[in-house]
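Undergrad: Hey, dropping my_file_0.cif in here, mmCIF, C-alpha atoms:
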data_my_file
loop_
_atom_site.group_PDB
_atom_site.id
_atom_site.type_symbol
_atom_site.label_atom_id
_atom_site.label_comp_id
_atom_site.auth_asym_id
_atom_site.auth_seq_id
_atom_site.Cartn_x
_atom_site.Cartn_y
_atom_site.Cartn_z
ATOM 1 C CA MET Z 25 11.129 -73.950 -27.285
ATOM 2 C CA SER Z 26 9.598 -70.876 -25.682
ATOM 3 C CA GLU Z 27 7.070 -69.207 -27.966
ATOM 4 C CA THR Z 28 8.121 -65.828 -26.605
ATOM 5 C CA GLN Z 29 11.595 -66.390 -28.104
ATOM 6 C CA GLN Z 30 11.859 -64.569 -31.418
ATOM 7 C CA THR Z 31 11.622 -67.092 -34.225
ATOM 8 C CA VAL Z 32 11.730 -66.711 -38.001
ATOM 9 C CA TYR Z 33 8.842 -68.754 -39.376
ATOM 10 C CA VAL Z 34 9.576 -69.794 -42.959
ATOM 11 C CA VAL Z 35 6.440 -70.740 -44.924
ATOM 12 C CA GLU Z 36 7.599 -72.085 -48.296
ATOM 13 C CA ASP Z 37 6.313 -75.042 -50.326
ATOM 14 C CA ASP Z 38 9.541 -75.568 -52.306
ATOM 15 C CA GLU Z 39 11.645 -77.959 -50.208
ATOM 16 C CA ALA Z 40 14.999 -76.866 -51.678
ATOM 17 C CA VAL Z 41 14.245 -73.171 -51.089
ATOM 18 C CA ARG Z 42 12.917 -73.915 -47.602
ATOM 19 C CA ASP Z 43 16.050 -75.890 -46.678
ATOM 20 C CA SER Z 44 18.385 -73.201 -48.011
ATOM 21 C CA LEU Z 45 16.517 -70.498 -46.071
ATOM 22 C CA GLU Z 46 16.708 -72.586 -42.918
ATOM 23 C CA LEU Z 47 20.469 -73.039 -43.403
ATOM 24 C CA LEU Z 48 20.968 -69.316 -44.063
ATOM 25 C CA LEU Z 49 19.022 -68.283 -40.971
ATOM 26 C CA LYS Z 50 20.756 -70.793 -38.715
ATOM 27 C CA SER Z 51 24.137 -69.545 -39.972
ATOM 28 C CA ALA Z 52 22.958 -66.037 -38.975
ATOM 29 C CA ARG Z 53 22.150 -67.453 -35.509
ATOM 30 C CA LYS Z 54 18.412 -67.103 -35.864
ATOM 31 C CA VAL Z 55 15.880 -69.516 -34.398
ATOM 32 C CA VAL Z 56 13.965 -70.814 -37.411
ATOM 33 C CA ARG Z 57 10.856 -72.950 -37.788
ATOM 34 C CA PRO Z 58 10.028 -74.106 -41.337
ATOM 35 C CA TYR Z 59 6.581 -74.958 -42.726
ATOM 36 C CA SER Z 60 5.763 -76.479 -46.102
ATOM 37 C CA THR Z 61 2.179 -75.152 -46.210
ATOM 38 C CA ALA Z 62 0.229 -72.146 -44.986
ATOM 39 C CA ASN Z 63 -2.293 -74.476 -43.379
ATOM 40 C CA ALA Z 64 0.417 -76.134 -41.284
ATOM 41 C CA PHE Z 65 1.589 -72.758 -39.991
ATOM 42 C CA LEU Z 66 -1.948 -71.594 -39.263
ATOM 43 C CA ALA Z 67 -2.612 -74.776 -37.300
ATOM 44 C CA ASP Z 68 0.388 -73.996 -35.066
ATOM 45 C CA TYR Z 69 -0.231 -70.234 -34.777
ATOM 46 C CA THR Z 70 -0.820 -68.692 -31.346
ATOM 47 C CA ASP Z 71 -0.934 -65.061 -30.204
ATOM 48 C CA SER Z 72 2.184 -65.609 -28.106
ATOM 49 C CA MET Z 73 4.415 -66.334 -31.127
ATOM 50 C CA ALA Z 74 7.175 -63.735 -31.437
ATOM 51 C CA GLY Z 75 9.480 -63.004 -34.377
ATOM 52 C CA CYS Z 76 8.482 -62.685 -38.034
ATOM 53 C CA ILE Z 77 7.241 -64.704 -41.009
ATOM 54 C CA VAL Z 78 9.090 -65.177 -44.301
ATOM 55 C CA LEU Z 79 6.194 -66.102 -46.566
ATOM 56 C CA ASP Z 80 6.097 -67.238 -50.183
ATOM 57 C CA ILE Z 81 3.330 -65.312 -51.911
ATOM 58 C CA ARG Z 82 2.393 -68.158 -54.289
ATOM 59 C CA MET Z 83 1.799 -71.651 -52.903
ATOM 60 C CA PRO Z 84 -0.593 -74.473 -53.769
ATOM 61 C CA GLY Z 85 -3.682 -74.626 -51.574
ATOM 62 C CA MET Z 86 -3.768 -71.624 -49.267
ATOM 63 C CA ASP Z 87 -1.420 -68.998 -50.713
ATOM 64 C CA GLY Z 88 0.512 -66.318 -48.849
ATOM 65 C CA LEU Z 89 -2.118 -63.616 -49.297
ATOM 66 C CA GLU Z 90 -4.846 -65.869 -47.901
ATOM 67 C CA LEU Z 91 -2.650 -66.714 -44.898
ATOM 68 C CA GLN Z 92 -2.051 -62.997 -44.308
ATOM 69 C CA LYS Z 93 -5.826 -62.415 -44.421
ATOM 70 C CA ARG Z 94 -6.436 -65.217 -41.894
ATOM 71 C CA LEU Z 95 -3.739 -63.849 -39.562
ATOM 72 C CA ASN Z 96 -5.172 -60.333 -39.827
ATOM 73 C CA GLU Z 97 -8.568 -61.736 -38.808
ATOM 74 C CA ARG Z 98 -6.876 -63.136 -35.698
ATOM 75 C CA HIS Z 99 -5.208 -59.742 -34.997
ATOM 76 C CA SER Z 100 -1.714 -61.188 -35.439
ATOM 77 C CA ILE Z 101 1.098 -58.652 -35.014
ATOM 78 C CA LEU Z 102 3.811 -60.933 -36.454
ATOM 79 C CA PRO Z 103 5.564 -58.923 -39.209
ATOM 80 C CA ILE Z 104 5.391 -60.641 -42.611
ATOM 81 C CA ILE Z 105 8.069 -60.481 -45.309
ATOM 82 C CA PHE Z 106 6.673 -61.742 -48.606
ATOM 83 C CA VAL Z 107 8.945 -63.517 -51.078
ATOM 84 C CA THR Z 108 7.726 -62.793 -54.609
ATOM 85 C CA GLY Z 109 8.495 -63.596 -58.208
ATOM 86 C CA HIS Z 110 8.966 -60.866 -60.809
ATOM 87 C CA GLY Z 111 5.322 -60.891 -61.893
ATOM 88 C CA ASP Z 112 4.002 -60.790 -58.327
ATOM 89 C CA VAL Z 113 5.172 -57.319 -57.335
ATOM 90 C CA PRO Z 114 1.639 -55.820 -57.668
ATOM 91 C CA LEU Z 115 0.388 -58.562 -55.320
ATOM 92 C CA ALA Z 116 3.161 -57.698 -52.859
ATOM 93 C CA VAL Z 117 2.182 -54.017 -52.985
ATOM 94 C CA ASP Z 118 -1.388 -55.036 -52.119
ATOM 95 C CA ALA Z 119 -0.015 -57.161 -49.269
ATOM 96 C CA MET Z 120 1.878 -54.126 -47.927
ATOM 97 C CA LYS Z 121 -1.383 -52.170 -47.919
ATOM 98 C CA GLU Z 122 -2.854 -54.955 -45.788
ATOM 99 C CA GLY Z 123 -0.060 -54.596 -43.239
ATOM 100 C CA ALA Z 124 2.863 -56.704 -44.496
ATOM 101 C CA ALA Z 125 6.200 -55.429 -43.177
ATOM 102 C CA ASP Z 126 8.139 -55.820 -46.443
ATOM 103 C CA PHE Z 127 8.678 -57.939 -49.529
ATOM 104 C CA ILE Z 128 11.688 -59.203 -51.433
ATOM 105 C CA GLN Z 129 11.816 -60.264 -55.062
ATOM 106 C CA LYS Z 130 13.469 -63.445 -56.332
ATOM 107 C CA PRO Z 131 16.312 -63.828 -57.019
ATOM 108 C CA TYR Z 132 17.518 -61.910 -53.978
ATOM 109 C CA ARG Z 133 20.813 -61.360 -52.200
ATOM 110 C CA GLU Z 134 20.998 -63.239 -48.905
ATOM 111 C CA GLU Z 135 22.329 -60.099 -47.189
ATOM 112 C CA ALA Z 136 19.301 -58.121 -48.367
ATOM 113 C CA LEU Z 137 16.901 -60.726 -46.960
ATOM 114 C CA LEU Z 138 18.768 -60.844 -43.631
ATOM 115 C CA GLU Z 139 18.571 -57.037 -43.380
ATOM 116 C CA LYS Z 140 14.803 -57.145 -43.923
ATOM 117 C CA ILE Z 141 14.477 -59.911 -41.328
ATOM 118 C CA GLU Z 142 16.472 -57.881 -38.770
ATOM 119 C CA ALA Z 143 14.162 -54.905 -39.385
ATOM 120 C CA ALA Z 144 11.072 -57.102 -38.993
ATOM 121 C CA LEU Z 145 12.380 -58.588 -35.733
ATOM 122 C CA ALA Z 146 13.052 -55.068 -34.401
ATOM 123 C CA GLN Z 147 9.490 -54.086 -35.388
ATOM 124 C CA ASP Z 148 8.153 -57.148 -33.575
ATOM 125 C CA ARG Z 149 10.073 -56.285 -30.393
ATOM 126 C CA GLU Z 150 8.764 -52.719 -30.437
ATOM 127 C CA GLN Z 151 5.162 -53.803 -31.073
ATOM 128 C CA ARG Z 152 5.286 -56.374 -28.271
ATOM 129 C CA LYS Z 153 6.770 -53.830 -25.873
ATOM 130 C CA THR Z 154 3.933 -51.400 -26.659
ATOM 131 C CA LEU Z 155 1.332 -54.157 -26.414
ATOM 132 C CA GLY Z 156 2.754 -55.268 -23.058
ATOM 133 C CA GLU Z 157 2.571 -51.706 -21.753
ATOM 134 C CA LYS Z 158 -1.031 -51.388 -22.944
ATOM 135 C CA GLN Z 159 -2.003 -54.675 -21.321
ATOM 136 C CA GLU Z 160 -0.542 -53.436 -18.014
ATOM 137 C CA ILE Z 161 -2.593 -50.215 -18.255
ATOM 138 C CA VAL Z 162 -5.761 -52.258 -18.911
ATOM 139 C CA ARG Z 163 -4.905 -54.479 -15.929
ATOM 140 C CA ARG Z 164 -4.649 -51.394 -13.716
ATOM 141 C CA ILE Z 165 -7.938 -49.991 -15.032
ATOM 142 C CA ASN Z 166 -9.593 -53.302 -14.211
ATOM 143 C CA THR Z 167 -8.586 -52.919 -10.534
ATOM 144 C CA LEU Z 168 -10.742 -49.786 -10.214
ATOM 145 C CA THR Z 169 -14.134 -50.017 -8.503
ATOM 146 C CA PRO Z 170 -17.157 -48.856 -10.563
ATOM 147 C CA ARG Z 171 -17.188 -45.563 -8.599
ATOM 148 C CA GLU Z 172 -13.442 -45.025 -9.113
ATOM 149 C CA HIS Z 173 -13.882 -45.723 -12.818
ATOM 150 C CA GLU Z 174 -16.717 -43.203 -13.012
ATOM 151 C CA ILE Z 175 -14.631 -40.556 -11.289
ATOM 152 C CA MET Z 176 -11.594 -41.306 -13.480
ATOM 153 C CA ASP Z 177 -13.744 -40.781 -16.596
ATOM 154 C CA ARG Z 178 -14.844 -37.398 -15.225
ATOM 155 C CA MET Z 179 -11.253 -36.474 -14.308
ATOM 156 C CA ILE Z 180 -10.164 -37.266 -17.869
ATOM 157 C CA ALA Z 181 -13.040 -35.140 -19.184
ATOM 158 C CA GLY Z 182 -11.538 -32.243 -17.217
ATOM 159 C CA GLN Z 183 -14.200 -31.895 -14.519
ATOM 160 C CA ALA Z 184 -13.100 -30.270 -11.280
ATOM 161 C CA ASN Z 185 -13.615 -32.086 -7.955
ATOM 162 C CA LYS Z 186 -16.376 -29.647 -7.013
ATOM 163 C CA VAL Z 187 -18.310 -30.324 -10.232
ATOM 164 C CA ILE Z 188 -17.891 -34.108 -9.848
ATOM 165 C CA ALA Z 189 -19.158 -33.880 -6.257
ATOM 166 C CA ILE Z 190 -22.255 -31.908 -7.260
ATOM 167 C CA GLU Z 191 -23.143 -34.143 -10.233
ATOM 168 C CA LEU Z 192 -22.647 -37.383 -8.286
ATOM 169 C CA GLU Z 193 -24.251 -35.940 -5.142
ATOM 170 C CA ILE Z 194 -21.319 -36.840 -2.918
ATOM 171 C CA SER Z 195 -18.991 -34.689 -0.833
ATOM 172 C CA GLN Z 196 -15.950 -33.055 -2.350
ATOM 173 C CA ARG Z 197 -13.809 -34.875 0.234
ATOM 174 C CA THR Z 198 -15.171 -38.218 -1.010
ATOM 175 C CA VAL Z 199 -14.255 -37.231 -4.571
ATOM 176 C CA GLU Z 200 -10.723 -36.375 -3.401
ATOM 177 C CA ILE Z 201 -10.365 -39.784 -1.731
ATOM 178 C CA HIS Z 202 -11.552 -41.604 -4.851
ATOM 179 C CA ARG Z 203 -9.320 -39.442 -7.015
ATOM 180 C CA SER Z 204 -6.309 -40.295 -4.854
ATOM 181 C CA ARG Z 205 -7.108 -44.010 -5.107
ATOM 182 C CA VAL Z 206 -7.453 -43.769 -8.885
ATOM 183 C CA MET Z 207 -4.021 -42.123 -9.199
ATOM 184 C CA HIS Z 208 -2.469 -44.697 -6.857
ATOM 185 C CA LYS Z 209 -3.954 -47.697 -8.670
ATOM 186 C CA MET Z 210 -2.989 -46.281 -12.065
ATOM 187 C CA GLY Z 211 0.566 -45.660 -10.843
ATOM 188 C CA THR Z 212 0.795 -41.959 -11.660
ATOM 189 C CA HIS Z 213 0.785 -38.561 -9.925
ATOM 190 C CA SER Z 214 0.015 -36.608 -13.105
ATOM 191 C CA LEU Z 215 -3.438 -36.069 -14.575
ATOM 192 C CA ALA Z 216 -1.854 -35.482 -17.998
ATOM 193 C CA HIS Z 217 -0.099 -38.862 -17.747
ATOM 194 C CA LEU Z 218 -3.352 -40.522 -16.683
ATOM 195 C CA VAL Z 219 -5.134 -39.045 -19.701
ATOM 196 C CA ARG Z 220 -2.373 -40.273 -22.066
ATOM 197 C CA MET Z 221 -2.459 -43.768 -20.541
ATOM 198 C CA VAL Z 222 -6.227 -44.154 -20.843
ATOM 199 C CA LEU Z 223 -6.327 -42.743 -24.380
ATOM 200 C CA SER Z 224 -3.580 -45.177 -25.449
ATOM 201 C CA VAL Z 225 -5.813 -48.150 -24.574
ATOM 202 C CA LYS Z 226 -9.133 -46.661 -25.675
ATOM 203 C CA ASP Z 227 -9.376 -49.239 -28.471
ATOM 204 C CA LEU Z 228 -8.889 -52.050 -25.931
ATOM 205 C CA ILE Z 229 -11.396 -50.855 -23.317
ATOM 206 C CA ASP Z 230 -14.191 -49.540 -25.579
ATOM 207 C CA ASP Z 231 -15.517 -53.088 -25.949
ATOM 208 C CA ARG Z 232 -15.907 -53.619 -22.212
#
What does this structure look like when you write it as structure tokens?
TA:
Amino acid sequence: MSETQQTVYVVEDDEAVRDSLELLLKSARKVVRPYSTANAFLADYTDSMAGCIVLDIRMPGMDGLELQKRLNERHSILPIIFVTGHGDVPLAVDAMKEGAADFIQKPYREEALLEKIEAALAQDREQRKTLGEKQEIVRRINTLTPREHEIMDRMIAGQANKVIAIELEISQRTVEIHRSRVMHKMGTHSLAHLVRMVLSVKDLIDDR
């Protein structure tokens, strides 16, 4: 199975509940992968997994909140839908503050759960599209020479070619050549677009 295929990962220690969820999701034509423990899911987890997680909030051993914490530490973007009991709603609210996509309280209507899963899968697609676009921008930035990168930074700061030439002690024509190469490598003709692209990945390139 391709990990890039959207999959609903069901993490539930109760075998009967897990089996019924698997049956429900398969009847809704979803790819489903069940796990009986949080540890088992975490052992399988990779960044390339796509889809969402339906996660029981209370389980023996590592519970749902601990699994969410571990996934957050690994910068997982898989949306999580917590399944909670009546007394666990405050815990679910805390989980939402930590980035969970949604929660549903037992007993729940199957249609309501499927609606939440559809929303989580749509969120996952959108996040992966954005992440893919950002990774492409970073790839383009990484093709720049050190001089091109320096000039791009000055372009983004709003410096004119003449100012860049004076401060770097190079000719204005050389600046224009580098500027043209920067725009070509970044795949844009617009300075405004270049600025937006670089700002969108600032969090990814600040650690370079």
Undergrad: Go through the shown structure with the PyMOL selection byres ((chain Z and resi 130) around 7) and write out the matching residues as a ChimeraX atom specification.
TA: /Z:107-110,128-129,131-132
Undergrad: Have a look at CA of Lys93 (chain Z) and CA of Val32 (chain Z) and let me know their distance in Å, one decimal.
TA: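 Between CA of Lys93 (chain Z) and CA of Val32 (chain Z) the gap is 19.2 Å.
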Undergrad: Identify all residues satisfying the PyMOL selection byres ((chain Z and resi 140) around 12) in the given file; provide them as a tab-separated table (two decimals) with C-alpha atoms, in the frame of the given file.
TA:
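Once everything was written out, this is result23.tsv:
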chain	number	residue	atom	x	y	z
Z	32	VAL	CA	11.73	-66.71	-38.00
Z	76	CYS	CA	8.48	-62.68	-38.03
Z	77	ILE	CA	7.24	-64.70	-41.01
Z	78	VAL	CA	9.09	-65.18	-44.30
Z	103	PRO	CA	5.56	-58.92	-39.21
Z	104	ILE	CA	5.39	-60.64	-42.61
Z	105	ILE	CA	8.07	-60.48	-45.31
Z	106	PHE	CA	6.67	-61.74	-48.61
Z	107	VAL	CA	8.94	-63.52	-51.08
Z	124	ALA	CA	2.86	-56.70	-44.50
Z	125	ALA	CA	6.20	-55.43	-43.18
Z	126	ASP	CA	8.14	-55.82	-46.44
Z	127	PHE	CA	8.68	-57.94	-49.53
Z	128	ILE	CA	11.69	-59.20	-51.43
Z	129	GLN	CA	11.82	-60.26	-55.06
Z	132	TYR	CA	17.52	-61.91	-53.98
Z	133	ARG	CA	20.81	-61.36	-52.20
Z	134	GLU	CA	21.00	-63.24	-48.90
Z	135	GLU	CA	22.33	-60.10	-47.19
Z	136	ALA	CA	19.30	-58.12	-48.37
Z	137	LEU	CA	16.90	-60.73	-46.96
Z	138	LEU	CA	18.77	-60.84	-43.63
Z	139	GLU	CA	18.57	-57.04	-43.38
Z	141	ILE	CA	14.48	-59.91	-41.33
Z	142	GLU	CA	16.47	-57.88	-38.77
Z	143	ALA	CA	14.16	-54.90	-39.38
Z	144	ALA	CA	11.07	-57.10	-38.99
Z	145	LEU	CA	12.38	-58.59	-35.73
Z	146	ALA	CA	13.05	-55.07	-34.40
Z	147	GLN	CA	9.49	-54.09	-35.39
Undergrad: Go ahead and compute the interatomic distance for CA of Glu36 (chain Z) and CA of Pro58 (chain Z), in Å to one decimal.
TA: 7.6 Å
Undergrad: Would you work out the distance separating CA of Asn166 (chain Z) from CA of Ile190 (chain Z), expressed in Å to one decimal?
TA: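 Separation of CA of Asn166 (chain Z) and CA of Ile190 (chain Z): 25.8 Å.
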Undergrad: Go through the shown structure with the PyMOL selection byres ((chain Z and resi 71) around 9) and write out the matching residues as a ChimeraX atom specification.
TA: /Z:69-70,72-74,98-102
Undergrad: What box, with edges along x, y and z, holds each listed atom of region 69-77 of chain Z when 5 Å is added on every side, and can you state its centre and edge lengths in Å to one decimal, as JSON?
TA:
{"center_x": 4.3, "center_y": -66.5, "center_z": -34.6, "size_x": 20.4, "size_y": 17.5, "size_z": 22.9}
Undergrad: Give me, as a list in words, all polymer residues having an atom no more than 10 Å from Arg42 (chain Z), counting all atoms listed in the file and skipping those fewer than 6 positions away in the same chain.
TA: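 Answer for this query is Val34, Val35, Glu36, Leu48, Pro58, Tyr59, Ser60 and Asp80 of chain Z.
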Undergrad: For Val199 (chain Z), which of Z:Val222, Z:Leu45, Z:Ile175, Z:Leu66 is the closest residue, counting all atoms listed in the file?
TA: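 Checking each of Z:Val222, Z:Leu45, Z:Ile175, Z:Leu66 against Val199 (chain Z), counting all atoms listed in the file, the winner is Z:Ile175.
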Undergrad: Would you mind telling me which residue in Z:Asp68, Z:Gln30, Z:His173, Z:Glu150 lies nearest to Arg53 (chain Z) when using only C-alpha atoms?
TA: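 The answer is Z:Gln30, which sits nearest to Arg53 (chain Z).
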Undergrad: Find the residues around region 167-170 of chain Z up to 12 Å (only C-alpha atoms counted), leave out those fewer than 3 positions away in its own chain, and share them as an MDAnalysis selection string.
TA: chainID Z and resid 160:164 173:177 202:211
Undergrad: Could you please fill out region 92-124 of chain Z with N, CA and C atoms and send it back as an mmCIF file, keeping the file's coordinate frame?
TA:
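result_2.cif, freshly written:
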data_model
loop_
_atom_site.group_PDB
_atom_site.id
_atom_site.type_symbol
_atom_site.label_atom_id
_atom_site.label_comp_id
_atom_site.auth_asym_id
_atom_site.auth_seq_id
_atom_site.Cartn_x
_atom_site.Cartn_y
_atom_site.Cartn_z
ATOM 1 N N GLN Z 92 -2.102 -64.337 -44.900
ATOM 2 C CA GLN Z 92 -2.051 -62.997 -44.308
ATOM 3 C C GLN Z 92 -3.449 -62.546 -43.878
ATOM 4 N N LYS Z 93 -4.454 -62.800 -44.739
ATOM 5 C CA LYS Z 93 -5.826 -62.415 -44.421
ATOM 6 C C LYS Z 93 -6.303 -63.130 -43.155
ATOM 7 N N ARG Z 94 -6.017 -64.429 -43.065
ATOM 8 C CA ARG Z 94 -6.436 -65.217 -41.894
ATOM 9 C C ARG Z 94 -5.755 -64.694 -40.622
ATOM 10 N N LEU Z 95 -4.472 -64.356 -40.733
ATOM 11 C CA LEU Z 95 -3.739 -63.849 -39.562
ATOM 12 C C LEU Z 95 -4.267 -62.476 -39.151
ATOM 13 N N ASN Z 96 -4.597 -61.645 -40.141
ATOM 14 C CA ASN Z 96 -5.172 -60.333 -39.827
ATOM 15 C C ASN Z 96 -6.504 -60.488 -39.087
ATOM 16 N N GLU Z 97 -7.283 -61.482 -39.481
ATOM 17 C CA GLU Z 97 -8.568 -61.736 -38.808
ATOM 18 C C GLU Z 97 -8.356 -62.134 -37.351
ATOM 19 N N ARG Z 98 -7.191 -62.727 -37.071
ATOM 20 C CA ARG Z 98 -6.876 -63.136 -35.698
ATOM 21 C C ARG Z 98 -6.034 -62.083 -34.975
ATOM 22 N N HIS Z 99 -5.918 -60.890 -35.586
ATOM 23 C CA HIS Z 99 -5.208 -59.742 -34.997
ATOM 24 C C HIS Z 99 -3.743 -60.075 -34.707
ATOM 25 N N SER Z 100 -3.138 -60.874 -35.586
ATOM 26 C CA SER Z 100 -1.714 -61.188 -35.439
ATOM 27 C C SER Z 100 -0.879 -59.926 -35.645
ATOM 28 N N ILE Z 101 0.176 -59.775 -34.828
ATOM 29 C CA ILE Z 101 1.098 -58.652 -35.014
ATOM 30 C C ILE Z 101 2.457 -59.138 -35.523
ATOM 31 N N LEU Z 102 2.547 -60.421 -35.908
ATOM 32 C CA LEU Z 102 3.811 -60.933 -36.454
ATOM 33 C C LEU Z 102 4.100 -60.244 -37.795
ATOM 34 N N PRO Z 103 5.231 -59.538 -37.918
ATOM 35 C CA PRO Z 103 5.564 -58.923 -39.209
ATOM 36 C C PRO Z 103 5.762 -59.997 -40.285
ATOM 37 N N ILE Z 104 5.274 -59.710 -41.489
ATOM 38 C CA ILE Z 104 5.391 -60.641 -42.611
ATOM 39 C C ILE Z 104 6.287 -60.041 -43.682
ATOM 40 N N ILE Z 105 7.259 -60.839 -44.142
ATOM 41 C CA ILE Z 105 8.069 -60.481 -45.309
ATOM 42 C C ILE Z 105 7.662 -61.441 -46.426
ATOM 43 N N PHE Z 106 7.081 -60.900 -47.488
ATOM 44 C CA PHE Z 106 6.673 -61.742 -48.606
ATOM 45 C C PHE Z 106 7.839 -61.957 -49.567
ATOM 46 N N VAL Z 107 7.969 -63.195 -50.041
ATOM 47 C CA VAL Z 107 8.945 -63.517 -51.078
ATOM 48 C C VAL Z 107 8.146 -63.660 -52.373
ATOM 49 N N THR Z 108 8.520 -62.860 -53.384
ATOM 50 C CA THR Z 108 7.726 -62.793 -54.609
ATOM 51 C C THR Z 108 8.569 -63.068 -55.844
ATOM 52 N N GLY Z 109 7.874 -63.523 -56.892
ATOM 53 C CA GLY Z 109 8.495 -63.596 -58.208
ATOM 54 C C GLY Z 109 8.336 -62.257 -58.908
ATOM 55 N N HIS Z 110 8.973 -62.141 -60.086
ATOM 56 C CA HIS Z 110 8.966 -60.866 -60.809
ATOM 57 C C HIS Z 110 7.554 -60.386 -61.098
ATOM 58 N N GLY Z 111 6.671 -61.301 -61.510
ATOM 59 C CA GLY Z 111 5.322 -60.891 -61.893
ATOM 60 C C GLY Z 111 4.385 -60.644 -60.726
ATOM 61 N N ASP Z 112 4.881 -60.879 -59.506
ATOM 62 C CA ASP Z 112 4.002 -60.790 -58.327
ATOM 63 C C ASP Z 112 4.152 -59.485 -57.547
ATOM 64 N N VAL Z 113 4.938 -58.564 -58.078
ATOM 65 C CA VAL Z 113 5.172 -57.319 -57.335
ATOM 66 C C VAL Z 113 3.862 -56.573 -57.042
ATOM 67 N N PRO Z 114 2.918 -56.475 -58.000
ATOM 68 C CA PRO Z 114 1.639 -55.820 -57.668
ATOM 69 C C PRO Z 114 0.922 -56.497 -56.501
ATOM 70 N N LEU Z 115 0.995 -57.843 -56.443
ATOM 71 C CA LEU Z 115 0.388 -58.562 -55.320
ATOM 72 C C LEU Z 115 1.076 -58.176 -54.012
ATOM 73 N N ALA Z 116 2.408 -58.056 -54.065
ATOM 74 C CA ALA Z 116 3.161 -57.698 -52.859
ATOM 75 C C ALA Z 116 2.806 -56.289 -52.391
ATOM 76 N N VAL Z 117 2.588 -55.392 -53.333
ATOM 77 C CA VAL Z 117 2.182 -54.017 -52.985
ATOM 78 C C VAL Z 117 0.829 -54.046 -52.275
ATOM 79 N N ASP Z 118 -0.086 -54.880 -52.789
ATOM 80 C CA ASP Z 118 -1.388 -55.036 -52.119
ATOM 81 C C ASP Z 118 -1.210 -55.589 -50.706
ATOM 82 N N ALA Z 119 -0.272 -56.553 -50.577
ATOM 83 C CA ALA Z 119 -0.015 -57.161 -49.269
ATOM 84 C C ALA Z 119 0.520 -56.122 -48.286
ATOM 85 N N MET Z 120 1.350 -55.200 -48.788
ATOM 86 C CA MET Z 120 1.878 -54.126 -47.927
ATOM 87 C C MET Z 120 0.733 -53.236 -47.439
ATOM 88 N N LYS Z 121 -0.232 -52.988 -48.310
ATOM 89 C CA LYS Z 121 -1.383 -52.170 -47.919
ATOM 90 C C LYS Z 121 -2.197 -52.858 -46.825
ATOM 91 N N GLU Z 122 -2.132 -54.188 -46.802
ATOM 92 C CA GLU Z 122 -2.854 -54.955 -45.788
ATOM 93 C C GLU Z 122 -2.013 -55.194 -44.535
ATOM 94 N N GLY Z 123 -0.832 -54.551 -44.477
ATOM 95 C CA GLY Z 123 -0.060 -54.596 -43.239
ATOM 96 C C GLY Z 123 1.227 -55.393 -43.269
ATOM 97 N N ALA Z 124 1.595 -55.979 -44.429
ATOM 98 C CA ALA Z 124 2.863 -56.704 -44.496
ATOM 99 C C ALA Z 124 4.018 -55.753 -44.195
#
